[in-house]
Amino acid sequence: MNPVAKLAAAAVLAVCLVLTIDPVSAGVALVLELALFPLLGIPWATFWRRTLPVWIAAPLTALTIALYGRTSGTVYVEFLFVRISDGSLEFALATLLRVLAIALPAVVLFATIDPTDLADGLAQVLHLPPRFVLGALAGVRLMGLAMDDWRSVALARRARGVADRGVIRRFFGQAFTLLVLSLRRASTLATAMEARGFGAVGPRTWARESRWGAREWLLVLVGAAIGGIALTAAILTGNWRPLIG
């Protein structure tokens with residue numbers, strides 16, 4: 001599947017769900033998504049590991065809104081700035097479901113994307129500037145090296161006895177060292193890419209063709225259909241609450 005299609009499907013669904021802030025549309029979309037996730041062929045262990053931050057962040061976001069959200073209806077708890085009411089609880093539920101409905105498909109769809117395939121799609125399908133796409137791809141590829149550099153810097157500083165105390169000072173010291181290493185590597189990489197013609201003016205060729213066909217259109221239509229069904233359910237049940245207006 002073309003990575004651009006996954007990007008487009010997630011974007012279309014997100015646009016539909018941010019048009020309203022009600023629990024019905026987000027709940028319907030979430031149920032449909034959970035029913036379709038097994039069709040993607042992602043192992044459940046991988047699914048839970050990749051989406052764990054979403055399952056943690058969504059309840060925390062809802063808790064904040066429940067405590068400090070807009071007050072309406074019956075007020076159950078009131079203490080200083082905390083005010084829990086019918087309106088804040090309903091808004092918290094809608095936010096919880098909406099965060100899950102938007103973030104889960106984005107994480108799942110991008111779990112199997114290769115950065116090189118995504119760069120090919122962005123340049124060949126969306127026709128973004130090749131210089132920008134290739135530079136971003138090089139940066140993404142260097143993220144793994146940055147993590148290795150962080151561990152190496154930490155071990156080197158500990159071996160020299162300069163990382164025994166002061167957690168905050170140690171962090172900023174390592175961060176500055178990593179910044180210097182990253183700038184040096186980026187400069188070397190940029191020079192190497194320029195020498196190999198990556199910054200040449202004019203149309204360029206691509207080693208691999210990024211294809212867009214019926215499967216990609218089907219995925220985008222599925223994302224649009226889920227968003228459309230969710231919005232229709234909110235309108236028919238009288239829960240349509242536009243975010244603006």
# chains A, B, ... in the order shown; residues from 1 in each chain; ligands from 1

call {"tool": "residues_around", "arguments": {"residues": "A:Val140", "least_positions_apart": "4", "cutoff": "8 Å", "atoms": "only C-alpha atoms", "output": "list in words"}}
result
Pro115, Ala136 and Gly144 of chain A

call {"tool": "write_last_selection", "arguments": {"atoms": "N, CA and C atoms", "output": "short mmCIF file (atom, residue, chain, number, x, y, z; two decimals), in the first residue's frame"}}
result
data_model
loop_
_atom_site.label_atom_id
_atom_site.label_comp_id
_atom_site.auth_asym_id
_atom_site.auth_seq_id
_atom_site.Cartn_x
_atom_site.Cartn_y
_atom_site.Cartn_z
N PRO A 115 10.35 4.73 5.69
CA PRO A 115 10.62 6.14 5.34
C PRO A 115 10.98 6.34 3.87
N ALA A 136 14.52 15.56 4.21
CA ALA A 136 13.75 15.03 5.33
C ALA A 136 14.00 13.54 5.53
N GLY A 144 17.99 7.23 14.25
CA GLY A 144 18.53 6.05 14.92
C GLY A 144 19.97 6.26 15.37
#

call {"tool": "select_by_dssp", "arguments": {"residues": "stretch 35-86 of chain A", "states": "helix (DSSP H, G or I)", "output": "JSON, numbers by chain"}}
result
{"A": [35, 36, 37, 38, 39, 40, 44, 45, 46, 47, 48, 49, 50, 51, 52, 53, 54, 55, 56, 57, 58, 59, 60, 61, 62, 63, 64, 65, 66, 67, 68, 86]}

call {"tool": "residues_around", "arguments": {"residues": "A:Trp212", "least_positions_apart": "3", "cutoff": "12 Å", "atoms": "only C-alpha atoms", "output": "list in words"}}
result
Met1, Asn2, Pro3, Val4, Ala5, Lys6, Asp120, Gly121, Leu122, Gln124, Val125, Leu126, Glu209, Arg215, Glu216, Trp217, Leu218, Leu219 and Val220 of chain A

call {"tool": "closest_residue", "arguments": {"among": "A:Leu80, A:Ile102, A:Pro43, A:Ile65", "to": "A:Gly227", "atoms": "only C-alpha atoms"}}
result
A:Ile102

call {"tool": "select_by_dssp", "arguments": {"residues": "stretch 40-244 of chain A", "states": "strand (DSSP E)", "output": "count of residues only"}}
result
9

call {"tool": "residues_around", "arguments": {"residues": "A:Ile56", "least_positions_apart": "4", "cutoff": "12 Å", "atoms": "only C-alpha atoms", "output": "number ranges by chain"}}
result
A: 48-52, 60-63, 96, 99-100, 103-104

call {"tool": "atom_distance", "arguments": {"atom1": "atom CA of A:Phe198", "atom2": "atom CA of A:His127"}}
result
16.0 Å

call {"tool": "closest_residue", "arguments": {"among": "A:Thr95, A:Ser72, A:Thr46, A:Thr232", "to": "A:Pro23", "atoms": "only C-alpha atoms"}}
result
A:Thr95

call {"tool": "residues_around", "arguments": {"residues": "A:Ser182", "least_positions_apart": "3", "cutoff": "9 Å", "atoms": "only C-alpha atoms", "output": "list in words"}}
result
Leu142, Ala146, Asp149, Thr177, Leu178, Leu179, Arg185, Ala186 and Ser187 of chain A

call {"tool": "atom_distance", "arguments": {"atom1": "atom CA of A:Pro242", "atom2": "atom CA of A:Ala106"}}
result
22.8 Å

call {"tool": "closest_residue", "arguments": {"among": "A:Phe110, A:Phe37, A:Tyr68, A:Trp55", "to": "A:Leu97", "atoms": "only C-alpha atoms"}}
result
A:Trp55

call {"tool": "closest_residue", "arguments": {"among": "A:Val77, A:Leu109, A:Thr191, A:Gln174", "to": "A:Ala9", "atoms": "only C-alpha atoms"}}
result
A:Leu109

call {"tool": "closest_residue", "arguments": {"among": "A:Gly69, A:Pro130, A:Gly213, A:Gly173", "to": "A:Ala200", "atoms": "only C-alpha atoms"}}
result
A:Pro130
